[in-house]
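Containing mmCIF, C-alpha atoms and all ligand atoms: query-v2.cif.
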data_entry
#
loop_
_atom_site.label_atom_id
_atom_site.label_comp_id
_atom_site.auth_asym_id
_atom_site.auth_seq_id
_atom_site.Cartn_x
_atom_site.Cartn_y
_atom_site.Cartn_z
CA HIS B 1 23.12 36.46 35.00
CA PRO B 2 24.20 38.96 32.28
CA VAL B 3 21.47 38.12 29.83
CA THR B 4 18.52 37.62 32.13
CA SER B 5 19.31 40.81 34.06
CA ARG B 6 18.64 42.77 30.88
CA LEU B 7 15.17 41.27 30.58
CA ASP B 8 12.13 42.89 32.11
CA PRO B 9 10.67 41.25 35.25
CA GLY B 10 7.83 39.62 33.32
CA GLN B 11 10.21 37.90 30.98
CA GLN B 12 12.48 36.91 33.84
CA LYS B 13 9.52 35.31 35.53
CA LEU B 14 8.68 33.41 32.36
CA LEU B 15 12.27 32.20 32.09
CA ARG B 16 12.30 31.04 35.69
CA LYS B 17 9.10 29.19 35.01
CA ALA B 18 10.69 27.62 31.95
CA GLY B 19 13.66 26.71 34.15
CA SER B 20 11.52 24.97 36.69
CA PHE B 21 9.65 23.33 33.84
CA GLN B 22 12.97 21.97 32.62
CA GLU B 23 13.68 20.69 36.11
CA ASP B 24 10.36 18.88 35.96
CA LEU B 25 11.41 17.38 32.66
CA GLY B 26 14.71 16.40 34.27
CA ALA B 27 12.80 14.57 36.95
CA VAL B 28 10.87 12.75 34.26
CA VAL B 29 14.10 11.75 32.58
CA THR B 30 15.66 10.50 35.85
CA ASN B 31 12.45 8.49 36.34
CA GLY B 32 13.46 6.76 33.16
CA SER B 33 10.34 7.73 31.23
CA THR B 34 11.16 7.89 27.59
CA GLN B 35 10.15 6.43 24.25
CA ARG B 36 11.46 2.95 23.54
CA LEU B 37 11.52 0.66 20.52
CA PRO B 38 8.97 -2.14 20.93
CA GLN B 39 10.19 -5.25 22.71
CA THR B 40 7.11 -7.01 21.43
CA ILE B 41 5.10 -6.66 18.21
CA ILE B 42 1.66 -7.94 17.25
CA ILE B 43 2.44 -8.91 13.65
CA GLY B 44 -1.03 -10.06 12.57
CA VAL B 45 -2.98 -11.63 11.15
CA ARG B 46 -5.22 -9.01 9.58
CA LYS B 47 -8.80 -9.43 10.95
CA GLY B 48 -7.49 -11.94 13.48
CA GLY B 49 -8.36 -9.79 16.48
CA THR B 50 -5.19 -7.71 16.63
CA ARG B 51 -6.96 -4.62 18.02
CA ALA B 52 -8.72 -6.64 20.71
CA LEU B 53 -5.39 -8.22 21.65
CA LEU B 54 -3.62 -4.86 21.86
CA GLU B 55 -6.39 -3.28 23.92
CA MET B 56 -6.56 -6.24 26.26
CA LEU B 57 -2.79 -6.27 26.69
CA SER B 58 -2.95 -2.54 27.49
CA LEU B 59 -4.95 -3.43 30.60
CA HIS B 60 -1.61 -4.49 32.05
CA PRO B 61 0.16 -1.66 33.92
CA ASP B 62 3.54 -2.80 32.60
CA VAL B 63 2.55 -2.40 28.97
CA ALA B 64 2.76 0.78 26.89
CA ALA B 65 1.04 0.42 23.52
CA ALA B 66 1.29 2.54 20.38
CA GLU B 67 -2.23 3.73 19.63
CA ASN B 68 -2.17 3.53 15.83
CA GLU B 69 -0.86 0.99 13.39
CA VAL B 70 2.70 2.13 12.70
CA HIS B 71 3.41 0.38 9.35
CA PHE B 72 7.15 0.90 9.78
CA PHE B 73 8.53 -2.34 8.37
CA ASP B 74 6.06 -2.71 5.50
CA TRP B 75 5.77 0.83 4.10
CA GLU B 76 8.90 1.95 2.26
CA GLU B 77 8.28 5.65 2.92
CA HIS B 78 8.37 4.88 6.64
CA TYR B 79 11.15 2.31 6.63
CA ARG B 80 13.41 4.68 4.68
CA GLN B 81 13.21 7.12 7.58
CA GLY B 82 14.99 4.69 9.88
CA LEU B 83 14.65 3.49 13.46
CA GLY B 84 14.67 7.07 14.77
CA TRP B 85 11.35 7.61 13.05
CA TYR B 86 10.02 4.31 14.37
CA LEU B 87 11.06 5.30 17.88
CA SER B 88 9.29 8.64 17.53
CA GLN B 89 6.00 6.76 16.93
CA MET B 90 6.23 4.93 20.25
CA PRO B 91 4.45 5.88 23.46
CA VAL B 92 6.38 7.21 26.45
CA SER B 93 7.10 4.32 28.80
CA SER B 94 8.81 3.77 32.13
CA PRO B 95 11.70 1.30 32.50
CA HIS B 96 9.57 -1.56 33.80
CA GLN B 97 7.10 -1.29 30.91
CA LEU B 98 7.09 -3.23 27.66
CA THR B 99 6.44 -1.22 24.53
CA VAL B 100 4.15 -2.88 21.98
CA GLU B 101 2.74 -1.94 18.60
CA LYS B 102 0.40 -3.77 16.24
CA THR B 103 0.48 -3.70 12.47
CA PRO B 104 -1.39 -6.71 11.06
CA ALA B 105 0.07 -6.24 7.58
CA TYR B 106 3.51 -7.29 8.88
CA PHE B 107 2.60 -10.97 8.94
CA THR B 108 1.97 -11.23 5.20
CA SER B 109 4.67 -8.80 3.95
CA PRO B 110 7.66 -10.83 2.73
CA GLN B 111 10.27 -8.15 3.43
CA VAL B 112 9.24 -7.64 7.06
CA PRO B 113 10.69 -10.63 9.00
CA GLU B 114 14.29 -9.82 8.10
CA ARG B 115 13.78 -6.14 8.91
CA VAL B 116 12.31 -6.92 12.33
CA TYR B 117 15.18 -9.33 12.96
CA ARG B 118 17.71 -6.62 12.11
CA MET B 119 16.08 -4.28 14.62
CA ASN B 120 16.10 -6.86 17.40
CA PRO B 121 16.60 -10.60 16.96
CA ALA B 122 15.26 -11.13 20.51
CA VAL B 123 11.96 -9.33 19.91
CA ARG B 124 8.91 -11.27 21.09
CA LEU B 125 6.25 -11.68 18.45
CA LEU B 126 2.53 -12.14 18.95
CA LEU B 127 0.50 -13.69 16.15
CA ILE B 128 -3.26 -13.95 16.55
CA VAL B 129 -4.88 -16.37 14.12
CA ARG B 130 -8.48 -17.19 13.48
CA ASP B 131 -10.45 -19.76 11.48
CA PRO B 132 -9.06 -19.00 8.00
CA SER B 133 -12.45 -19.17 6.27
CA GLU B 134 -14.00 -16.82 8.82
CA ARG B 135 -11.01 -14.53 8.37
CA VAL B 136 -11.69 -14.37 4.62
CA LEU B 137 -15.29 -13.30 5.27
CA SER B 138 -14.11 -10.70 7.76
CA ASP B 139 -11.50 -9.43 5.29
CA TYR B 140 -14.17 -9.14 2.60
CA ALA B 141 -16.54 -7.30 4.97
CA GLN B 142 -13.75 -4.81 5.75
CA VAL B 143 -12.90 -4.06 2.11
CA LEU B 144 -16.57 -3.87 1.16
CA HIS B 145 -17.13 -1.36 3.96
CA ASN B 146 -14.21 0.80 2.74
CA HIS B 147 -15.72 0.85 -0.75
CA VAL B 148 -19.23 1.64 0.44
CA GLN B 149 -17.84 4.53 2.49
CA LYS B 150 -16.15 5.98 -0.60
CA ARG B 151 -19.31 5.27 -2.60
CA LYS B 152 -17.35 2.96 -4.85
CA PRO B 153 -18.79 -0.25 -6.26
CA PHE B 154 -17.44 -3.58 -5.04
CA PRO B 155 -18.22 -7.06 -6.39
CA PRO B 156 -20.13 -9.61 -4.32
CA ILE B 157 -17.89 -12.06 -2.50
CA GLU B 158 -18.94 -14.93 -4.81
CA ALA B 159 -17.44 -13.07 -7.78
CA LEU B 160 -14.09 -12.73 -6.01
CA LEU B 161 -13.95 -16.18 -4.46
CA ALA B 162 -15.01 -18.40 -7.31
CA ARG B 163 -13.45 -18.86 -10.69
CA GLY B 164 -15.72 -21.30 -12.47
CA SER B 165 -16.00 -24.41 -10.36
CA ARG B 166 -12.76 -23.64 -8.50
CA LEU B 167 -11.73 -21.06 -5.94
CA ASN B 168 -9.73 -18.13 -7.23
CA PRO B 169 -6.24 -18.39 -5.70
CA ASP B 170 -5.47 -14.81 -6.79
CA TYR B 171 -8.06 -13.41 -4.40
CA LYS B 172 -5.84 -11.70 -1.82
CA ALA B 173 -8.09 -12.49 1.12
CA LEU B 174 -7.65 -16.22 0.41
CA ASN B 175 -3.89 -15.86 0.29
CA ARG B 176 -3.74 -14.00 3.60
CA SER B 177 -5.37 -17.01 5.29
CA LEU B 178 -2.59 -19.37 4.14
CA TYR B 179 -0.95 -19.06 7.52
CA HIS B 180 1.66 -21.76 6.98
CA ALA B 181 3.16 -20.00 3.96
CA HIS B 182 3.50 -16.64 5.71
CA LEU B 183 4.75 -18.15 8.96
CA ARG B 184 7.52 -19.98 7.06
CA ALA B 185 8.97 -16.61 6.07
CA TRP B 186 9.15 -15.62 9.76
CA LEU B 187 10.66 -18.93 10.80
CA ARG B 188 13.62 -18.27 8.52
CA PHE B 189 14.63 -15.57 11.00
CA PHE B 190 12.94 -16.36 14.31
CA PRO B 191 12.70 -19.59 16.31
CA LEU B 192 9.15 -20.72 17.03
CA ARG B 193 9.68 -19.97 20.73
CA SER B 194 9.92 -16.25 19.84
CA ILE B 195 6.42 -16.34 18.37
CA HIS B 196 3.40 -16.73 20.62
CA LEU B 197 0.21 -17.82 18.91
CA VAL B 198 -3.02 -16.40 20.21
CA ASP B 199 -6.21 -18.28 19.33
CA GLY B 200 -8.40 -15.50 17.94
CA ASP B 201 -11.59 -17.58 18.09
CA ARG B 202 -11.00 -18.28 21.78
CA LEU B 203 -10.13 -14.65 22.41
CA ILE B 204 -13.60 -13.81 21.13
CA ARG B 205 -15.37 -16.51 23.17
CA ASP B 206 -13.43 -16.22 26.41
CA PRO B 207 -10.63 -13.65 26.40
CA PHE B 208 -9.21 -14.06 29.90
CA PRO B 209 -7.46 -17.46 29.54
CA GLU B 210 -5.88 -16.35 26.25
CA MET B 211 -4.61 -13.18 27.91
CA GLN B 212 -3.13 -15.15 30.81
CA LYS B 213 -1.07 -17.09 28.27
CA VAL B 214 0.10 -13.85 26.69
CA GLU B 215 1.16 -12.52 30.10
CA ARG B 216 3.16 -15.68 30.70
CA PHE B 217 4.85 -15.53 27.30
CA LEU B 218 5.86 -11.91 27.86
CA GLN B 219 6.98 -12.73 31.42
CA LEU B 220 4.66 -10.10 32.81
CA ALA B 221 3.40 -10.39 36.37
CA PRO B 222 -0.18 -11.73 36.30
CA GLN B 223 -2.15 -8.50 36.57
CA ILE B 224 -4.98 -8.92 34.09
CA ASN B 225 -8.09 -10.29 35.83
CA ALA B 226 -11.28 -12.06 34.81
CA SER B 227 -13.08 -8.97 36.15
CA ASN B 228 -11.45 -6.89 33.40
CA PHE B 229 -13.84 -8.53 30.91
CA TYR B 230 -17.60 -8.57 30.69
CA PHE B 231 -19.86 -9.80 27.93
CA ASN B 232 -21.89 -7.05 26.31
CA LYS B 233 -25.07 -8.51 24.83
CA THR B 234 -25.74 -5.53 22.56
CA LYS B 235 -22.24 -5.66 21.11
CA GLY B 236 -22.23 -9.44 21.05
CA PHE B 237 -18.61 -9.41 22.22
CA TYR B 238 -16.58 -9.08 25.37
CA CYS B 239 -15.81 -5.52 26.37
CA LEU B 240 -13.18 -4.19 28.77
CA ARG B 241 -13.50 -2.89 32.30
CA ASP B 242 -10.53 -0.89 33.48
CA SER B 243 -10.57 0.82 36.91
CA GLY B 244 -14.35 1.11 36.77
CA ARG B 245 -14.37 2.36 33.19
CA ASP B 246 -16.24 0.21 30.66
CA ARG B 247 -15.45 0.21 26.99
CA CYS B 248 -16.14 -1.90 23.95
CA LEU B 249 -14.11 -1.97 20.77
CA HIS B 250 -15.03 0.37 17.91
CA GLU B 251 -18.12 -0.48 15.87
CA SER B 252 -15.85 -1.57 13.00
CA LYS B 253 -14.91 -4.57 15.17
CA GLY B 254 -17.54 -7.28 15.09
CA ARG B 255 -19.12 -6.66 11.71
CA ALA B 256 -21.74 -8.86 10.08
CA HIS B 257 -20.16 -11.22 7.57
CA PRO B 258 -21.52 -12.00 4.12
CA ARG B 259 -23.66 -15.10 4.00
CA LEU B 260 -22.16 -17.58 1.59
CA ASP B 261 -24.04 -20.15 -0.36
CA PRO B 262 -23.51 -23.42 1.63
CA GLU B 263 -21.81 -25.15 -1.28
CA LEU B 264 -19.33 -22.29 -1.71
CA LEU B 265 -18.73 -22.21 2.03
CA ARG B 266 -17.98 -25.93 1.93
CA ARG B 267 -15.47 -25.37 -0.88
CA LEU B 268 -13.90 -22.52 1.04
CA ARG B 269 -13.42 -24.70 4.11
CA GLU B 270 -12.08 -27.50 1.97
CA TYR B 271 -9.62 -25.10 0.32
CA PHE B 272 -7.96 -24.54 3.69
CA HIS B 273 -7.95 -28.16 4.75
CA GLU B 274 -4.39 -29.03 3.61
CA PRO B 275 -2.88 -25.60 4.35
CA ASN B 276 -4.30 -25.84 7.89
CA LYS B 277 -2.72 -29.24 8.39
CA LYS B 278 0.62 -27.79 7.27
CA PHE B 279 0.21 -24.90 9.68
CA PHE B 280 -0.63 -27.18 12.61
CA LYS B 281 2.45 -29.26 11.85
CA LEU B 282 4.63 -26.17 11.65
CA VAL B 283 3.51 -24.84 15.02
CA GLY B 284 3.16 -28.20 16.77
CA ARG B 285 -0.45 -27.67 17.85
CA THR B 286 -3.95 -27.66 16.42
CA PHE B 287 -6.83 -25.19 16.39
CA ASP B 288 -10.52 -26.05 16.21
CA TRP B 289 -10.96 -25.14 12.55
CA HIS B 290 -12.73 -27.68 10.46
N1 LIG B 301 -13.81 -8.22 22.17
C1 LIG B 301 -13.93 -8.02 20.86
N2 LIG B 301 -14.75 -7.04 20.37
C2 LIG B 301 -14.88 -6.86 19.04
N3 LIG B 301 -14.23 -7.59 18.12
C3 LIG B 301 -13.41 -8.56 18.54
C4 LIG B 301 -13.22 -8.81 19.92
N4 LIG B 301 -12.35 -9.85 20.05
C5 LIG B 301 -12.02 -10.21 18.83
N5 LIG B 301 -12.64 -9.45 17.90
C6 LIG B 301 -12.52 -9.66 16.47
O1 LIG B 301 -11.54 -8.79 15.95
C7 LIG B 301 -11.77 -8.76 14.54
C8 LIG B 301 -11.01 -7.62 13.91
O2 LIG B 301 -9.67 -7.99 13.86
P1 LIG B 301 -8.48 -6.93 13.78
O3 LIG B 301 -8.59 -5.94 14.87
O4 LIG B 301 -7.22 -7.73 13.71
O5 LIG B 301 -8.78 -6.24 12.38
S1 LIG B 301 -7.77 -5.33 11.53
O6 LIG B 301 -6.95 -6.24 10.74
O7 LIG B 301 -7.00 -4.51 12.45
O8 LIG B 301 -8.66 -4.52 10.67
C9 LIG B 301 -13.27 -8.64 14.43
O9 LIG B 301 -13.64 -9.22 13.21
P2 LIG B 301 -15.13 -9.05 12.59
O10 LIG B 301 -16.04 -9.81 13.53
O11 LIG B 301 -15.08 -9.66 11.26
O12 LIG B 301 -15.45 -7.59 12.56
C10 LIG B 301 -13.77 -9.40 15.67
O13 LIG B 301 -14.36 -10.63 15.36
#

Just give me the structure as structure tokens.
Amino acid sequence: HPVTSRLDPGQQKLLRKAGSFQEDLGAVVTNGSTQRLPQTIIIGVRKGGTRALLEMLSLHPDVAAAENEVHFFDWEEHYRQGLGWYLSQMPVSSPHQLTVEKTPAYFTSPQVPERVYRMNPAVRLLLIVRDPSERVLSDYAQVLHNHVQKRKPFPPIEALLARGSRLNPDYKALNRSLYHAHLRAWLRFFPLRSIHLVDGDRLIRDPFPEMQKVERFLQLAPQINASNFYFNKTKGFYCLRDSGRDRCLHESKGRAHPRLDPELLRRLREYFHEPNKKFFKLVGRTFDWH
């Protein structure tokens, strides 16, 4: 080779190494390992248990999950960069694997359903919901924590929730728990059969049966086992066991919730009574929220 022959032996050796390295890469490519756009997305709901769901789904060998929240469809600075950017955020997967990402903000962002539809109208969506009142408390605990970390003041939950004798409908955490309203936006683009609902309260209490349903919805071979889950008393939650390795979710998952005055808690639950009924009607099933 005219060029390589002019190189000294050391450099030639390096080049040959690079060559064989490229052959290795070639083998990887013929294996079919590459990044793929997600065929399934966990769209929310925020504080519903989206991280637990993603981690539990990752137990399946045929699932490749994006580690971080991607925020492609809801953040303009990301969406502007196009699907090529989105693809670049995805994990390497083999042909038999499903790629999945979770961004809980998608569920409540009005511009997102149409954008997801334009990427792939056949995408399979996972939505994990939780008792809406409990979700509000969890949402508050999260935002409070962020403020405390930045040493910024944050009002007590009562100040955000109540406006005189009524609940404050402008409090964002309340709005995010109006599942029926947000789901309607998705149903303008996707049939209900494209959206699998995961019961977040059941996923906390007994994750395995919920995960079996997810496997079925995604048409994955049943590979997740009861033995993949064990209850950790210290954590107070189920943790994961994967090929002998035990791990619990991050300490930010499973926080203490603010204790509400019983009367305010009653009003909070009552606030969601009608919206819940609408949601149950929309999805053709009920959840054990009171
Ligand atoms: N196995 C297990 N371990 C720990 N935590 C679990 C688990 N399963 C579900 N959860 C619940 O997940 C809640 C956090 O939800 P998300 O991951 O969706 O939150 S976020 O929107 O991404 O911030 C989190 O809410 P909080 O309890 O309010 O912290 C948990 O209740």

Problem - Selected residue of minimal separation from Ser58 of chain B among B:Lys102, B:Lys150, B:His273, B:Arg118, counting only C-alpha atoms - result: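 Looking only at the distances to Ser58 of chain B, the closest residue turns out to be B:Lys102.
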
Exercise for the section: Tell me, in Å to one decimal, how far atom CA of Arg259 of chain B is from atom CA of Asn276 of chain B. Expected result: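 The value is 22.5 Å.
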
Practice task
Could I get the residue neighbourhood of ligand LIG 301 (chain B) at 8 Å, counting all atoms listed in the file, as JSON, numbers by chain?
Solution key: {"B": [44, 45, 46, 47, 48, 49, 50, 51, 52, 53, 103, 104, 105, 128, 134, 135, 137, 138, 139, 141, 142, 200, 201, 203, 204, 205, 207, 235, 236, 237, 238, 239, 240, 248, 249, 250, 251, 252, 253, 254, 255, 256, 257]}

Practice task
Return the single residue from B:Ala181, B:Leu197, B:Val63, B:Leu167 that is closest to Gln223 of chain B, with distances computed using only C-alpha atoms.
Solution key: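 For Gln223 of chain B, the nearest of the candidates is B:Val63.
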
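In terms of minimum interatomic distance to Met56 of chain B, B:Asn225 ranks closest within B:Asn225, B:Ser177, B:Thr286, B:Gln35, counting only C-alpha atoms.
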
Exercise for the section: Between B:Asp199, B:Glu76, B:Glu263, B:Glu55, single out the one closest to Leu127 of chain B, counting only C-alpha atoms. Expected result: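 Checking each candidate against Leu127 of chain B, we get B:Asp199 as the closest.
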
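Interatomic distance, atom CA of Arg115 of chain B against atom CA of Gln219 of chain B: 24.4 Å.
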
Edge lengths and centre in Å, axis-aligned, segment 42-52 of chain B plus 8 Å each side, as AutoDock Vina command-line options:
--center_x -3.2 --center_y -8.3 --center_z 15.1 --size_x 27.2 --size_y 23.3 --size_z 27.1

Handout entry: For Leu59 of chain B, the nearest of the candidates B:Tyr271, B:Phe208, B:Phe217, B:Phe287, counting all atoms listed in the file
Key =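 Closest candidate: B:Phe208.
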
Problem - 9 Å contact set for Glu215 of chain B, all atoms listed in the file, chain neighbours under 5 positions out, as number ranges by chain - result: B: 57, 60, 210, 220-224

Practice task
Could you tell me how far atom CA of Val100 of chain B lies from atom CA of Thr40 of chain B, in Å and to one decimal?
Solution key: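 Spanning atom CA of Val100 of chain B to atom CA of Thr40 of chain B is a straight-line distance of 5.1 Å.
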
Problem - Spatial neighbours of Asp74 of chain B, 10 Å, all atoms listed in the file, chain gap at least 2 places, as a list in words - result: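 The filter keeps Val70, His71, Phe72, Glu76, Glu77, His78, Tyr79, Thr103, Ala105, Tyr106, Phe107, Thr108, Ser109, Pro110, Gln111, Val112, Pro113 and Arg115 of chain B.
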
Exercise for the section: Choose the residue, out of B:Tyr140, B:Leu37, B:Tyr179, B:Ser93, that has the smallest atom-to-atom separation from Met119 of chain B; count all atoms listed in the file. Expected result: B:Leu37

Problem - For Ala66 of chain B: contacts at 6 Å, all atoms listed in the file, fewer than 6 positions along chain excluded, given as a ChimeraX atom specification - result: /B:90-91,101
